[in-house]
file my_file-v1.txt (compact mmCIF, C-alpha atoms)
# COMPACT_ATOMS: atom_id res chain seq x y z
CA MET A 30 -27.03 82.16 -1.14
CA ARG A 31 -30.43 80.50 -1.54
CA LEU A 32 -32.34 80.87 -4.79
CA ARG A 33 -35.64 82.71 -4.42
CA LEU A 34 -38.19 83.36 -7.15
CA VAL A 35 -39.80 85.98 -4.93
CA LYS A 36 -37.95 87.98 -2.31
CA GLN A 37 -38.54 86.90 1.25
CA HIS A 38 -40.34 90.02 2.47
CA THR A 39 -42.95 91.42 0.07
CA THR A 40 -45.71 93.97 0.62
CA PHE A 41 -48.05 93.41 -2.32
CA ASN A 42 -51.62 94.62 -1.83
CA PHE A 43 -53.61 91.69 -3.22
CA PHE A 44 -56.96 93.20 -2.31
CA LYS A 45 -56.54 96.64 -3.86
CA ASP A 46 -58.44 95.53 -6.98
CA TRP A 47 -60.10 92.45 -5.51
CA LYS A 48 -63.47 93.31 -7.09
CA ILE A 49 -61.89 93.25 -10.55
CA TRP A 50 -60.31 89.83 -9.97
CA ILE A 51 -63.54 88.39 -8.59
CA GLY A 52 -65.40 89.88 -11.56
CA ILE A 53 -62.96 88.28 -14.01
CA SER A 54 -63.34 84.93 -12.25
CA ALA A 55 -67.14 85.20 -12.33
CA VAL A 56 -67.11 85.97 -16.07
CA LEU A 57 -64.77 83.04 -16.79
CA VAL A 58 -66.95 80.68 -14.75
CA ILE A 59 -70.07 81.80 -16.66
CA LEU A 60 -68.28 81.40 -20.01
CA SER A 61 -67.04 77.95 -18.99
CA ILE A 62 -70.53 76.80 -18.00
CA GLY A 63 -71.95 78.29 -21.21
CA SER A 64 -69.35 76.53 -23.35
CA THR A 65 -69.95 73.20 -21.62
CA VAL A 66 -73.72 73.49 -22.05
CA THR A 67 -73.68 74.65 -25.68
CA MET A 68 -70.60 72.92 -27.13
CA GLY A 69 -70.38 69.97 -24.78
CA LEU A 70 -67.25 67.93 -24.10
CA ASN A 71 -65.27 65.92 -26.62
CA PHE A 72 -65.64 62.63 -24.77
CA GLY A 73 -63.00 59.97 -25.40
CA ILE A 74 -63.52 56.25 -25.79
CA ASP A 75 -63.89 55.79 -22.01
CA PHE A 76 -67.13 57.78 -22.08
CA LYS A 77 -68.41 57.11 -25.61
CA GLY A 78 -67.81 53.38 -25.66
CA GLY A 79 -65.56 51.48 -28.03
CA THR A 80 -63.22 48.55 -28.46
CA THR A 81 -59.85 47.89 -26.82
CA ILE A 82 -57.42 45.64 -28.69
CA ARG A 83 -54.24 44.15 -27.26
CA ALA A 84 -51.69 43.87 -30.06
CA GLU A 85 -48.49 41.83 -29.74
CA SER A 86 -45.50 41.56 -32.08
CA THR A 87 -41.79 40.87 -32.07
CA VAL A 88 -41.11 44.33 -33.51
CA ALA A 89 -40.74 47.36 -31.23
CA VAL A 90 -43.93 49.43 -31.01
CA ASP A 91 -43.88 52.64 -33.06
CA VAL A 92 -47.00 54.57 -32.02
CA ALA A 93 -46.71 57.10 -34.88
CA ALA A 94 -46.33 54.31 -37.47
CA TYR A 95 -49.29 52.41 -36.01
CA ARG A 96 -51.45 55.52 -36.17
CA ALA A 97 -50.42 56.30 -39.76
CA ALA A 98 -51.33 52.75 -40.80
CA ILE A 99 -54.75 52.83 -39.08
CA GLU A 100 -55.93 56.33 -40.06
CA PRO A 101 -56.83 55.40 -43.71
CA LEU A 102 -59.42 52.96 -42.34
CA GLY A 103 -61.50 55.92 -41.09
CA LEU A 104 -62.36 54.42 -37.70
CA GLY A 105 -62.67 57.78 -35.92
CA ASP A 106 -61.13 58.39 -32.52
CA ILE A 107 -58.17 56.07 -31.94
CA SER A 108 -55.86 55.83 -28.94
CA ILE A 109 -52.58 53.88 -29.10
CA ALA A 110 -50.27 53.26 -26.14
CA GLU A 111 -47.33 50.95 -25.60
CA VAL A 112 -47.67 48.57 -22.66
CA PHE A 113 -44.67 47.81 -20.45
CA ASP A 114 -44.39 44.84 -18.08
CA PRO A 115 -41.28 43.34 -16.44
CA SER A 116 -42.65 39.87 -17.17
CA PHE A 117 -42.58 40.39 -20.95
CA ARG A 118 -40.02 38.50 -23.01
CA ALA A 119 -37.25 40.48 -24.70
CA ASP A 120 -38.99 40.07 -28.07
CA GLN A 121 -42.52 40.65 -26.75
CA HIS A 122 -43.79 44.12 -27.63
CA VAL A 123 -47.36 44.96 -26.66
CA ALA A 124 -49.58 47.88 -27.64
CA GLN A 125 -53.08 48.81 -26.53
CA ILE A 126 -55.26 50.11 -29.36
CA ARG A 127 -58.58 51.72 -28.48
CA ILE A 128 -61.15 52.50 -31.17
CA GLN A 129 -64.33 54.48 -30.59
CA ALA A 130 -67.71 52.77 -30.99
CA GLN A 131 -68.85 52.84 -34.59
CA GLU A 132 -72.19 54.39 -35.43
CA GLY A 133 -75.03 51.95 -34.84
CA GLN A 134 -72.71 49.35 -33.29
CA GLU A 135 -71.62 48.62 -29.73
CA SER A 136 -68.28 47.19 -30.84
CA VAL A 137 -65.98 47.08 -33.81
CA ALA A 138 -67.12 44.43 -36.28
CA SER A 139 -64.94 41.35 -36.81
CA ASP A 140 -64.22 42.29 -40.42
CA VAL A 141 -62.92 45.70 -39.24
CA VAL A 142 -60.61 43.96 -36.78
CA LEU A 143 -59.26 41.84 -39.66
CA LYS A 144 -58.67 44.97 -41.77
CA LEU A 145 -56.92 46.58 -38.83
CA GLU A 146 -54.66 43.58 -38.37
CA ALA A 147 -53.84 43.54 -42.09
CA ALA A 148 -53.02 47.27 -42.05
CA LEU A 149 -50.57 46.79 -39.19
CA GLN A 150 -48.80 43.86 -40.81
CA ASP A 151 -46.70 46.24 -42.90
CA VAL A 152 -45.60 48.09 -39.76
CA ALA A 153 -45.16 45.07 -37.48
CA PRO A 154 -44.97 41.78 -39.42
CA GLY A 155 -46.52 38.88 -37.54
CA ILE A 156 -48.63 41.12 -35.27
CA THR A 157 -51.45 39.35 -33.43
CA PHE A 158 -54.52 40.43 -31.46
CA PRO A 159 -54.73 38.05 -28.46
CA SER A 160 -57.43 40.15 -26.77
CA VAL A 161 -60.33 42.21 -28.13
CA GLU A 162 -62.72 43.78 -25.59
CA SER A 163 -65.61 46.18 -26.10
CA VAL A 164 -67.24 48.82 -23.87
CA GLY A 165 -70.86 49.57 -24.77
CA PRO A 166 -72.76 52.86 -24.39
CA LYS A 167 -74.42 51.69 -21.15
CA VAL A 168 -71.09 51.05 -19.42
CA SER A 169 -69.62 54.33 -20.71
CA GLY A 170 -72.68 56.18 -19.38
CA GLU A 171 -72.10 54.64 -15.96
CA LEU A 172 -68.47 55.79 -16.12
CA ILE A 173 -69.60 59.39 -16.69
CA GLN A 174 -71.89 59.22 -13.64
CA SER A 175 -69.16 57.64 -11.50
CA ALA A 176 -66.60 60.24 -12.60
CA ALA A 177 -68.94 63.14 -11.79
CA LEU A 178 -69.78 61.55 -8.43
CA ALA A 179 -66.07 61.16 -7.62
CA VAL A 180 -65.44 64.88 -8.18
CA VAL A 181 -68.49 65.92 -6.14
CA ILE A 182 -67.55 63.63 -3.25
CA ALA A 183 -63.97 64.97 -3.27
CA ILE A 184 -65.23 68.54 -2.99
CA ALA A 185 -67.72 67.59 -0.25
CA VAL A 186 -65.01 65.89 1.80
CA VAL A 187 -62.81 68.97 1.40
CA LEU A 188 -65.68 71.15 2.69
CA ILE A 189 -66.02 68.98 5.82
CA TYR A 190 -62.26 68.81 6.37
CA ILE A 191 -61.72 72.57 6.16
CA TRP A 192 -64.82 73.23 8.29
CA LEU A 193 -63.51 70.96 11.05
CA ARG A 194 -59.92 72.21 10.86
CA PHE A 195 -60.71 75.92 10.61
CA GLU A 196 -64.20 77.46 10.53
CA TRP A 197 -67.07 77.52 8.09
CA GLN A 198 -65.90 80.81 6.50
CA PHE A 199 -62.60 79.15 5.58
CA ALA A 200 -64.48 76.11 4.25
CA VAL A 201 -66.67 78.23 1.97
CA GLY A 202 -63.63 80.07 0.64
CA ALA A 203 -61.68 76.84 -0.02
CA VAL A 204 -64.58 75.07 -1.72
CA GLY A 205 -65.37 78.18 -3.77
CA ALA A 206 -61.78 78.11 -5.05
CA LEU A 207 -62.01 74.38 -5.84
CA VAL A 208 -65.28 74.74 -7.74
CA HIS A 209 -63.77 77.72 -9.59
CA ASP A 210 -60.76 75.60 -10.64
CA ILE A 211 -62.82 72.57 -11.71
CA VAL A 212 -65.34 74.62 -13.71
CA LEU A 213 -62.62 76.59 -15.52
CA THR A 214 -60.72 73.40 -16.36
CA ILE A 215 -63.81 71.72 -17.77
CA GLY A 216 -64.63 74.94 -19.64
CA VAL A 217 -61.20 75.01 -21.32
CA PHE A 218 -61.60 71.40 -22.45
CA SER A 219 -65.03 72.25 -23.84
CA ALA A 220 -63.93 75.42 -25.63
CA LEU A 221 -60.86 73.81 -27.17
CA GLN A 222 -62.63 70.46 -27.73
CA ILE A 223 -59.70 68.54 -26.23
CA LYS A 224 -60.43 64.86 -25.69
CA PHE A 225 -62.04 64.30 -22.28
CA ASP A 226 -61.49 60.83 -20.82
CA LEU A 227 -60.82 59.08 -17.51
CA ALA A 228 -57.28 60.47 -17.41
CA ILE A 229 -58.77 63.98 -17.26
CA ILE A 230 -60.96 62.95 -14.33
CA ALA A 231 -57.77 61.84 -12.58
CA ALA A 232 -56.28 65.26 -13.41
CA LEU A 233 -59.33 67.04 -11.95
CA LEU A 234 -59.01 65.12 -8.68
CA THR A 235 -55.28 65.91 -8.62
CA ILE A 236 -56.08 69.59 -9.18
CA VAL A 237 -58.46 69.46 -6.21
CA GLY A 238 -55.61 68.19 -4.03
CA TYR A 239 -53.07 70.69 -5.36
CA SER A 240 -55.37 73.69 -5.02
CA LEU A 241 -56.44 72.60 -1.54
CA ASN A 242 -52.82 72.25 -0.42
CA ASP A 243 -52.04 75.77 -1.62
CA THR A 244 -55.15 77.20 0.06
CA VAL A 245 -54.51 75.43 3.37
CA VAL A 246 -50.96 76.83 3.52
CA VAL A 247 -52.34 80.36 3.21
CA PHE A 248 -55.20 79.68 5.64
CA ASP A 249 -52.82 78.21 8.22
CA ARG A 250 -50.84 81.44 8.18
CA VAL A 251 -54.07 83.46 8.38
CA ARG A 252 -55.11 81.51 11.47
CA GLU A 253 -51.74 82.09 13.11
CA ASN A 254 -51.91 85.80 12.39
CA LEU A 255 -55.50 86.04 13.64
CA ARG A 256 -54.29 84.88 17.02
CA ARG A 257 -51.20 87.09 16.91
CA TYR A 258 -52.76 90.36 15.68
CA LYS A 259 -56.21 90.56 17.24
CA LYS A 260 -56.77 94.23 16.37
CA LYS A 261 -55.29 94.37 12.85
CA ASN A 262 -57.72 95.08 10.01
CA LEU A 263 -58.72 91.79 8.31
CA SER A 264 -57.73 92.93 4.81
CA GLU A 265 -54.27 93.93 6.09
CA LEU A 266 -53.93 90.65 7.96
CA LEU A 267 -54.85 88.64 4.84
CA ASN A 268 -52.39 90.63 2.75
CA GLN A 269 -49.65 89.98 5.30
CA SER A 270 -50.43 86.25 5.40
CA ILE A 271 -50.36 85.88 1.62
CA ASN A 272 -47.12 87.85 1.35
CA GLU A 273 -45.52 85.67 4.02
CA THR A 274 -46.36 82.49 2.06
CA LEU A 275 -45.80 83.97 -1.41
CA SER A 276 -42.21 82.74 -1.76
CA ARG A 277 -43.25 79.17 -0.95
CA THR A 278 -46.26 79.35 -3.29
CA ALA A 279 -44.17 80.68 -6.18
CA MET A 280 -41.44 78.08 -5.75
CA THR A 281 -43.92 75.20 -5.54
CA SER A 282 -45.91 76.34 -8.58
CA VAL A 283 -42.90 77.09 -10.79
CA THR A 284 -41.07 73.83 -10.04
CA THR A 285 -44.30 71.87 -10.63
CA LEU A 286 -44.86 73.69 -13.92
CA LEU A 287 -41.30 72.96 -15.07
CA ALA A 288 -41.89 69.23 -14.65
CA LEU A 289 -45.32 69.38 -16.29
CA ILE A 290 -44.13 71.41 -19.29
CA SER A 291 -41.34 68.89 -19.84
CA LEU A 292 -43.91 66.08 -19.83
CA PHE A 293 -46.18 68.03 -22.17
CA VAL A 294 -43.39 68.54 -24.71
CA LEU A 295 -41.68 65.16 -24.43
CA GLY A 296 -44.35 62.83 -23.05
CA GLY A 297 -46.22 62.09 -26.26
CA ASP A 298 -49.91 62.06 -27.19
CA VAL A 299 -50.96 59.47 -24.63
CA ILE A 300 -50.55 61.72 -21.58
CA ARG A 301 -50.73 65.14 -23.25
CA GLY A 302 -54.37 65.79 -22.30
CA PHE A 303 -53.72 64.86 -18.67
CA VAL A 304 -50.61 67.05 -18.50
CA PHE A 305 -52.40 70.00 -20.13
CA ALA A 306 -55.15 69.74 -17.51
CA MET A 307 -52.52 69.70 -14.76
CA ILE A 308 -50.69 72.75 -16.16
CA TRP A 309 -53.93 74.69 -16.36
CA GLY A 310 -54.92 73.46 -12.89
CA VAL A 311 -51.66 74.61 -11.29
CA VAL A 312 -52.06 78.09 -12.79
CA VAL A 313 -55.72 78.60 -11.84
CA GLY A 314 -55.21 76.81 -8.50
CA THR A 315 -52.47 79.24 -7.49
CA TYR A 316 -54.59 82.17 -8.64
CA SER A 317 -57.75 80.99 -6.86
CA SER A 318 -55.96 80.40 -3.55
CA VAL A 319 -55.20 84.11 -3.41
CA PHE A 320 -57.95 85.90 -5.29
CA VAL A 321 -60.95 83.57 -4.76
CA ALA A 322 -60.46 81.75 -1.45
CA SER A 323 -58.96 84.72 0.41
CA SER A 324 -61.36 87.25 -1.09
CA THR A 325 -64.30 85.06 -0.06
CA LEU A 326 -62.89 84.87 3.46
CA LEU A 327 -62.52 88.66 3.48
CA ARG A 328 -66.18 89.16 2.54
CA LEU A 329 -67.50 86.60 5.03
CA GLY A 330 -65.27 87.75 7.87
CA VAL A 331 -63.93 85.61 10.67
CA LYS A 332 -63.83 85.98 14.45
CA ARG A 333 -60.63 87.40 15.88
CA ASP A 334 -60.50 85.28 19.04
CA TRP A 335 -61.28 81.64 18.35
CA SER A 336 -62.33 81.05 21.93
CA LYS A 337 -65.04 83.71 21.78
CA PRO A 338 -67.99 84.44 19.46
CA SER A 339 -67.37 86.37 16.28
CA ASN A 340 -68.12 90.05 15.66
CA THR A 341 -65.49 91.10 18.24
CA ASP A 342 -63.84 93.33 15.69
CA GLY A 343 -66.27 95.78 14.24
CA ASN A 344 -63.65 97.22 11.91
CA GLN A 345 -62.74 93.98 10.14
CA PHE A 346 -64.12 95.26 6.84
CA ALA A 347 -62.67 98.74 7.16
CA ASN A 348 -60.48 99.94 4.30
CA ILE A 349 -61.50 96.92 2.26
CA ASP A 350 -60.69 98.74 -0.97
CA ALA A 351 -57.40 100.12 0.32
call {"tool": "encode", "arguments": {"input": "my_file-v1.txt", "output": "C-alpha cells"}}
result
Amino acid sequence: MRLRLVKQHTTFNFFKDWKIWIGISAVLVILSIGSTVTMGLNFGIDFKGGTTIRAESTVAVDVAAYRAAIEPLGLGDISIAEVFDPSFRADQHVAQIRIQAQEGQESVASDVVLKLEAALQDVAPGITFPSVESVGPKVSGELIQSAALAVVIAIAVVLIYIWLRFEWQFAVGAVGALVHDIVLTIGVFSALQIKFDLAIIAALLTIVGYSLNDTVVVFDRVRENLRRYKKKNLSELLNQSINETLSRTAMTSVTTLLALISLFVLGGDVIRGFVFAMIWGVVVGTYSSVFVASSTLLRLGVKRDWSKPSNTDGNQFANIDA
C-alpha cells in the first residue's frame, strides 16, 4: 500500500471562494510593499559593506564561543562561519569572520583587528588572521543592484518561457504567482527585520524555480484537459486539473518542508535566514500555484482548441462562483 498525503481522487472546489483568496493575497502584497518602503530591509554585510577576516588556529572552531568573545567589543553585525576544505591539515581549523562597516569608516581599523585577535586568543590560543579584506559602500551598492537585476531577469525569462510553451494567459498567471511569492517573501523579511544578504537572494531565485515547477505541473494538466474536454466549463476544468495534481503537489511540498525544517532547527545561524526564506517560499509558492496562477488564468480565459482562435467557448466564465 502506497503512502498518500492526499487521496488519489479529490473533488475540492478551489474556486468557490476565489475572490476571498485573491483579496487576501492583494492585501498581503500591499502590506509587504508598505513594510518594505517604510521599514526597509535589515541588510547584512554583503549589502552594507564591511570586513571579512580569515582566522586560522590549531583548535577546533566553536562558533558560539567566537561570538561570545567578540560581542563585548560592540562591533555591530557579525557573521561567523567555519570553513571546510579537503586540502586543510588535520590541525588546521579555519573560520570566516565578517564584521559590518563601522560608522564613518569603509573598513575595520587596524587597532580593532588587533583587539579582535586578542579577544579570540582565550578561545583559540595561537589564532592568526592571514587574510583581512574589506568591502566598501560602493561595492555593496553595486551588489544590491546586481541582486535586484538577477531577480528581475529570472522573472522575465520565466514570462518568455511560459509564453512560448503555453500561451500568454498562462504566462501572466505564472509570473503573477512568482511576483506574489517574491514580494511576500521580501515583505516578511522587512516586517520581521531578519538579516537580508546574498544568501537570501539565492533563496529568492530558488523560490522562483520551485514555484514555477509547481505552476507548470498544474498548467500542463490544464492544457491536457483543454484538449480532452473542449466543452467543459473552464472553472470546472481548472478544478479537475488541480485535483488531479493535488497528491503530487502535497507530497512534494511536505517532503521539501521536512528537509527544510530539519535544516532550520539543526543547521545553525549561518544558514537559518536562507532556510527560513525557503520554508516561507515553499508555503506561499504552493498556495500561489493554485489560488493566484490558476485564478488569473480563469479570469483571462484561454481558447479551447489550440489550433483555432480563442472565444470558441462563450460559456467559459459561466458558474465562476460555483
call {"tool": "atom_distance", "arguments": {"input": "my_file-v1.txt", "atom1": "CA of His122 in chain A", "atom2": "CA of Arg301 in chain A"}}
result
22.6 Å
call {"tool": "atom_distance", "arguments": {"input": "my_file-v1.txt", "atom1": "CA of Val66 in chain A", "atom2": "CA of Phe225 in chain A"}}
result
14.9 Å
call {"tool": "residues_around", "arguments": {"input": "my_file-v1.txt", "residues": "range 189-194 of chain A", "least_positions_apart": "3", "cutoff": "10 Å", "atoms": "all atoms listed in the file", "output": "ChimeraX atom specification"}}
result
/A:184-186,197-204,241,245,248-249
call {"tool": "write_last_selection", "arguments": {"input": "my_file-v1.txt", "atoms": "C-alpha atoms", "output": "tab-separated table (two decimals), in the frame of the given file"}}
result
chain	number	residue	atom	x	y	z
A	184	ILE	CA	-65.23	68.54	-2.99
A	185	ALA	CA	-67.72	67.59	-0.25
A	186	VAL	CA	-65.01	65.89	1.80
A	197	TRP	CA	-67.07	77.52	8.09
A	198	GLN	CA	-65.90	80.81	6.50
A	199	PHE	CA	-62.60	79.15	5.58
A	200	ALA	CA	-64.48	76.11	4.25
A	201	VAL	CA	-66.67	78.23	1.97
A	202	GLY	CA	-63.63	80.07	0.64
A	203	ALA	CA	-61.68	76.84	-0.02
A	204	VAL	CA	-64.58	75.07	-1.72
A	241	LEU	CA	-56.44	72.60	-1.54
A	245	VAL	CA	-54.51	75.43	3.37
A	248	PHE	CA	-55.20	79.68	5.64
A	249	ASP	CA	-52.82	78.21	8.22
call {"tool": "atom_distance", "arguments": {"input": "my_file-v1.txt", "atom1": "CA of Gln125 in chain A", "atom2": "CA of Asp91 in chain A"}}
result
11.9 Å
call {"tool": "residues_near_point", "arguments": {"input": "my_file-v1.txt", "point": "(-56.4, 40.6, -25.2)", "cutoff": "7 Å", "atoms": "all atoms listed in the file", "output": "PDB file with C-alpha atoms, in the coordinates of the input"}}
result
ATOM      1  CA  ILE A  82     -57.420  45.640 -28.690  1.00  0.00           C
ATOM      2  CA  ARG A  83     -54.240  44.150 -27.260  1.00  0.00           C
ATOM      3  CA  PHE A 158     -54.520  40.430 -31.460  1.00  0.00           C
ATOM      4  CA  PRO A 159     -54.730  38.050 -28.460  1.00  0.00           C
ATOM      5  CA  SER A 160     -57.430  40.150 -26.770  1.00  0.00           C
ATOM      6  CA  VAL A 161     -60.330  42.210 -28.130  1.00  0.00           C
TER       7      VAL A 161
END
call {"tool": "closest_residue", "arguments": {"input": "my_file-v1.txt", "among": "A:Gln129, A:Asn71, A:Ser86, A:Ser163", "to": "Val112 in chain A", "atoms": "all atoms listed in the file"}}
result
A:Ser86
call {"tool": "axis_aligned_box", "arguments": {"input": "my_file-v1.txt", "around": "range 85-103 of chain A", "padding_each_side": "8 Å", "output": "JSON"}}
result
{"center_x": -51.1, "center_y": 49.0, "center_z": -36.7, "size_x": 36.8, "size_y": 32.2, "size_z": 30.0}
call {"tool": "residues_around", "arguments": {"input": "my_file-v1.txt", "residues": "Leu149 in chain A", "least_positions_apart": "3", "cutoff": "8 Å", "atoms": "all atoms listed in the file", "output": "CSV table (one decimal) with C-alpha atoms, in the coordinates of the input"}}
result
chain,number,residue,atom,x,y,z
A,95,TYR,CA,-49.3,52.4,-36.0
A,98,ALA,CA,-51.3,52.8,-40.8
A,99,ILE,CA,-54.8,52.8,-39.1
A,145,LEU,CA,-56.9,46.6,-38.8
A,146,GLU,CA,-54.7,43.6,-38.4
A,152,VAL,CA,-45.6,48.1,-39.8
A,153,ALA,CA,-45.2,45.1,-37.5
A,154,PRO,CA,-45.0,41.8,-39.4
A,156,ILE,CA,-48.6,41.1,-35.3
call {"tool": "closest_residue", "arguments": {"input": "my_file-v1.txt", "among": "A:Trp309, A:Phe218, A:Phe41, A:Tyr316", "to": "Gly73 in chain A", "atoms": "all atoms listed in the file"}}
result
A:Phe218
call {"tool": "closest_residue", "arguments": {"input": "my_file-v1.txt", "among": "A:Val321, A:Leu263, A:Ile215, A:Ala147", "to": "Trp47 in chain A", "atoms": "all atoms listed in the file"}}
result
A:Val321
call {"tool": "closest_residue", "arguments": {"input": "my_file-v1.txt", "among": "A:Leu172, A:Asn268, A:Gln222, A:Ala183", "to": "Val208 in chain A", "atoms": "all atoms listed in the file"}}
result
A:Ala183
call {"tool": "decode", "arguments": {"input": "my_file-v1.txt", "residues": "range 88-112 of chain A", "atoms": "N, CA and C atoms", "output": "PDB file, in the first residue's frame"}}
result
ATOM      1  N   VAL A  88      43.018  24.914  17.072  1.00  0.00           N
ATOM      2  CA  VAL A  88      41.907  24.484  17.915  1.00  0.00           C
ATOM      3  C   VAL A  88      40.635  24.459  17.079  1.00  0.00           C
ATOM      4  N   ALA A  89      39.804  23.454  17.271  1.00  0.00           N
ATOM      5  CA  ALA A  89      38.556  23.347  16.519  1.00  0.00           C
ATOM      6  C   ALA A  89      37.710  24.603  16.692  1.00  0.00           C
ATOM      7  N   VAL A  90      37.074  25.032  15.610  1.00  0.00           N
ATOM      8  CA  VAL A  90      36.266  26.258  15.627  1.00  0.00           C
ATOM      9  C   VAL A  90      34.982  26.025  16.417  1.00  0.00           C
ATOM     10  N   ASP A  91      34.725  26.914  17.371  1.00  0.00           N
ATOM     11  CA  ASP A  91      33.477  26.908  18.139  1.00  0.00           C
ATOM     12  C   ASP A  91      32.788  28.239  17.865  1.00  0.00           C
ATOM     13  N   VAL A  92      31.824  28.233  16.945  1.00  0.00           N
ATOM     14  CA  VAL A  92      31.189  29.476  16.500  1.00  0.00           C
ATOM     15  C   VAL A  92      30.570  30.235  17.672  1.00  0.00           C
ATOM     16  N   ALA A  93      29.874  29.522  18.564  1.00  0.00           N
ATOM     17  CA  ALA A  93      29.230  30.172  19.712  1.00  0.00           C
ATOM     18  C   ALA A  93      30.267  30.835  20.620  1.00  0.00           C
ATOM     19  N   ALA A  94      31.404  30.161  20.850  1.00  0.00           N
ATOM     20  CA  ALA A  94      32.455  30.725  21.698  1.00  0.00           C
ATOM     21  C   ALA A  94      33.099  31.944  21.036  1.00  0.00           C
ATOM     22  N   TYR A  95      33.308  31.861  19.729  1.00  0.00           N
ATOM     23  CA  TYR A  95      33.856  33.004  18.988  1.00  0.00           C
ATOM     24  C   TYR A  95      32.937  34.216  19.132  1.00  0.00           C
ATOM     25  N   ARG A  96      31.644  33.975  18.933  1.00  0.00           N
ATOM     26  CA  ARG A  96      30.683  35.074  19.003  1.00  0.00           C
ATOM     27  C   ARG A  96      30.646  35.696  20.401  1.00  0.00           C
ATOM     28  N   ALA A  97      30.658  34.842  21.432  1.00  0.00           N
ATOM     29  CA  ALA A  97      30.623  35.339  22.805  1.00  0.00           C
ATOM     30  C   ALA A  97      31.854  36.179  23.119  1.00  0.00           C
ATOM     31  N   ALA A  98      33.002  35.819  22.538  1.00  0.00           N
ATOM     32  CA  ALA A  98      34.230  36.569  22.791  1.00  0.00           C
ATOM     33  C   ALA A  98      34.246  37.909  22.055  1.00  0.00           C
ATOM     34  N   ILE A  99      33.590  37.966  20.889  1.00  0.00           N
ATOM     35  CA  ILE A  99      33.622  39.184  20.065  1.00  0.00           C
ATOM     36  C   ILE A  99      32.558  40.188  20.475  1.00  0.00           C
ATOM     37  N   GLU A 100      31.403  39.723  20.934  1.00  0.00           N
ATOM     38  CA  GLU A 100      30.276  40.617  21.234  1.00  0.00           C
ATOM     39  C   GLU A 100      30.632  41.774  22.170  1.00  0.00           C
ATOM     40  N   PRO A 101      31.442  41.581  23.231  1.00  0.00           N
ATOM     41  CA  PRO A 101      31.770  42.719  24.112  1.00  0.00           C
ATOM     42  C   PRO A 101      32.481  43.872  23.410  1.00  0.00           C
ATOM     43  N   LEU A 102      33.058  43.627  22.241  1.00  0.00           N
ATOM     44  CA  LEU A 102      33.752  44.689  21.512  1.00  0.00           C
ATOM     45  C   LEU A 102      32.785  45.671  20.864  1.00  0.00           C
ATOM     46  N   GLY A 103      31.493  45.296  20.768  1.00  0.00           N
ATOM     47  CA  GLY A 103      30.480  46.204  20.220  1.00  0.00           C
ATOM     48  C   GLY A 103      30.717  46.578  18.772  1.00  0.00           C
ATOM     49  N   LEU A 104      30.991  45.591  17.929  1.00  0.00           N
ATOM     50  CA  LEU A 104      31.291  45.848  16.521  1.00  0.00           C
ATOM     51  C   LEU A 104      30.058  45.782  15.628  1.00  0.00           C
ATOM     52  N   GLY A 105      28.889  45.557  16.203  1.00  0.00           N
ATOM     53  CA  GLY A 105      27.659  45.515  15.410  1.00  0.00           C
ATOM     54  C   GLY A 105      27.420  44.148  14.807  1.00  0.00           C
ATOM     55  N   ASP A 106      26.932  44.141  13.586  1.00  0.00           N
ATOM     56  CA  ASP A 106      26.560  42.896  12.913  1.00  0.00           C
ATOM     57  C   ASP A 106      27.803  42.055  12.629  1.00  0.00           C
ATOM     58  N   ILE A 107      27.796  40.827  13.124  1.00  0.00           N
ATOM     59  CA  ILE A 107      28.936  39.924  12.938  1.00  0.00           C
ATOM     60  C   ILE A 107      28.433  38.578  12.421  1.00  0.00           C
ATOM     61  N   SER A 108      29.129  38.046  11.444  1.00  0.00           N
ATOM     62  CA  SER A 108      28.805  36.728  10.904  1.00  0.00           C
ATOM     63  C   SER A 108      30.045  35.844  11.030  1.00  0.00           C
ATOM     64  N   ILE A 109      29.853  34.643  11.585  1.00  0.00           N
ATOM     65  CA  ILE A 109      30.967  33.712  11.788  1.00  0.00           C
ATOM     66  C   ILE A 109      30.592  32.370  11.165  1.00  0.00           C
ATOM     67  N   ALA A 110      31.469  31.821  10.360  1.00  0.00           N
ATOM     68  CA  ALA A 110      31.207  30.525   9.722  1.00  0.00           C
ATOM     69  C   ALA A 110      32.508  29.741   9.646  1.00  0.00           C
ATOM     70  N   GLU A 111      32.410  28.441   9.911  1.00  0.00           N
ATOM     71  CA  GLU A 111      33.587  27.580   9.783  1.00  0.00           C
ATOM     72  C   GLU A 111      33.781  27.220   8.317  1.00  0.00           C
ATOM     73  N   VAL A 112      35.037  27.204   7.891  1.00  0.00           N
ATOM     74  CA  VAL A 112      35.377  26.898   6.505  1.00  0.00           C
ATOM     75  C   VAL A 112      35.971  25.495   6.440  1.00  0.00           C
TER      76      VAL A 112
END
